[in-house]
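K.L.:
First the structure, then my questions, so here it is.
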Amino acid sequence: MAGSDTLKRAAHAVGAHRISTRPFAGHVQVERDGGVLAASDRALALEETGLPTRYYLPREDVRTDLLTPSETTSHCPFKGDATYFSAPGAPDAFWVYEDPSEADALPIARLLAPWPGRVDVTVDGEVGPGGRFP
């Protein structure tokens, strides 16, 4: 993984990879089997080169009482180490970077991001196929 991190950091350094965040003015709702897991008008949108927009939600807007910590972890050289939470019927439904490693990712610290496809993510009333937002 160290070699991969080095290449990704180099890409970031020359501007080939970017992360940016912005407050999202719309509404994000997360559901599984018709049950609402989260609803937020305070989401933070994260744009990352080569990936669809991801929406990070304040914990207060997520039904954390329905989530259980997962043993799954992952590492992103641009954001750091993530941990996951499962929802009923949806393993690893949300991820979180508790303490992002890079300055560009600091705004998403401790916010939960739903995993489209494992849960249905609706953005301003639109949901794409397989629960993926448009």
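Residues in the structure tokens are numbered from 1 in each chain, the chains being A, B, ... in the order shown, and ligands are numbered from 1 in the order shown.
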Write out as CSV a residue-level contact list of region 88-126 of chain A versus region 21-35 of chain A with cut-off 9 Å: for each qualifying residue the closest pair of atoms and the distance in Å to one decimal, counting only C-alpha atoms, rows sorted by chain and residue number upward.

P.N.:
```
residue,atom,partner,partner_atom,distance
A:Pro88,CA,A:Arg32,CA,8.0
A:Gly89,CA,A:Arg32,CA,7.7
A:Ala90,CA,A:Arg32,CA,7.5
A:Asp104,CA,A:Thr21,CA,7.9
A:Ala105,CA,A:Thr21,CA,7.8
A:Pro107,CA,A:Thr21,CA,7.1
A:Ile108,CA,A:Thr21,CA,8.1
A:Pro114,CA,A:Val30,CA,7.2
A:Pro116,CA,A:Val30,CA,8.9
A:Arg118,CA,A:Arg32,CA,8.0
A:Val119,CA,A:Arg32,CA,5.2
A:Asp120,CA,A:Glu31,CA,5.1
A:Val121,CA,A:Val30,CA,4.6
A:Thr122,CA,A:Gln29,CA,5.1
A:Val123,CA,A:Val28,CA,4.7
A:Asp124,CA,A:His27,CA,5.0
A:Gly125,CA,A:His27,CA,7.7
```

K.L.:
Give the helix (DSSP H, G or I) residues of region 66-121 of chain A, as assigned by DSSP on the backbone, as a list in words.

P.N.:
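Selection result, helix (DSSP H, G or I) within region 66-121 of chain A: Leu66, Ala103, Asp104, Ala105, Leu106, Pro107 and Ile108 of chain A.
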
K.L.:
Print the selection's residues with C-alpha atoms to a file, as a PDB file, in the first residue's frame.

P.N.:
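part-v8.pdb, freshly written:
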```
ATOM      1  CA  LEU A  66     -30.066   1.733  14.324  1.00  0.00           C
ATOM      2  CA  ALA A 103      -6.034  19.107   5.429  1.00  0.00           C
ATOM      3  CA  ASP A 104      -8.422  18.912   2.444  1.00  0.00           C
ATOM      4  CA  ALA A 105     -10.458  16.261   4.253  1.00  0.00           C
ATOM      5  CA  LEU A 106     -10.672  17.917   7.684  1.00  0.00           C
ATOM      6  CA  PRO A 107     -14.216  19.265   7.076  1.00  0.00           C
ATOM      7  CA  ILE A 108     -15.592  15.677   6.911  1.00  0.00           C
TER       8      ILE A 108
END
```

K.L.:
Excluding region 77-82 of chain A and residues on its chain fewer than 5 positions from it, collect all residues at most 6 Å away from it, counting only C-alpha atoms, and give them as a PyMOL selection string.

P.N.:
chain A and resi 5+96-97+100-102+105

K.L.:
Write a file of the selected residues as a tab-separated table (two decimals), in the first residue's frame, keeping N, CA and C atoms.

P.N.:
```
chain	number	residue	atom	x	y	z
A	5	ASP	N	0.16	4.73	-2.02
A	5	ASP	CA	0.05	6.03	-1.35
A	5	ASP	C	0.99	7.05	-1.96
A	96	VAL	N	-16.99	6.56	8.10
A	96	VAL	CA	-16.63	7.81	8.76
A	96	VAL	C	-15.11	7.90	8.87
A	97	TYR	N	-14.61	9.10	8.67
A	97	TYR	CA	-13.21	9.43	8.94
A	97	TYR	C	-13.21	10.24	10.23
A	100	PRO	N	-9.38	12.74	9.91
A	100	PRO	CA	-8.75	12.72	8.59
A	100	PRO	C	-7.28	13.11	8.65
A	101	SER	N	-6.49	12.48	7.78
A	101	SER	CA	-5.05	12.70	7.80
A	101	SER	C	-4.60	13.89	6.96
A	102	GLU	N	-5.45	14.35	6.06
A	102	GLU	CA	-5.06	15.43	5.15
A	102	GLU	C	-5.93	16.66	5.36
A	105	ALA	N	-9.37	17.12	3.77
A	105	ALA	CA	-10.46	16.26	4.25
A	105	ALA	C	-10.93	16.63	5.67
```

K.L.:
With distances taken over only C-alpha atoms, which residue among A:Cys76, A:Ala109, A:Pro52, A:Ser70 lies nearest Asp92 (chain A)?

P.N.:
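For Asp92 (chain A), the nearest of the given residues is A:Ser70.
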
K.L.:
I need the strand (DSSP E) residues of region 50-130 of chain A per DSSP on the backbone, written as JSON, numbers by chain.

P.N.:
{"A": [54, 55, 56, 68, 69, 70, 71, 72, 73, 74, 75, 76, 80, 81, 82, 83, 84, 85, 86, 87, 90, 91, 92, 93, 94, 95, 96, 112, 113, 114, 120, 121, 122, 123]}

K.L.:
Taking only C-alpha atoms into account, name the residue in A:Ala113, A:Phe94, A:Ile19, A:Pro69 that is nearest to Leu44 (chain A).

P.N.:
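Residue with the minimum atom-to-atom distance to Leu44 (chain A): A:Ala113.
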
K.L.:
To one decimal in Å, tell me the separation between CA of Leu57 (chain A) and CA of Ser40 (chain A).

P.N.:
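About the pair CA of Leu57 (chain A) and CA of Ser40 (chain A): they are 6.7 Å apart.
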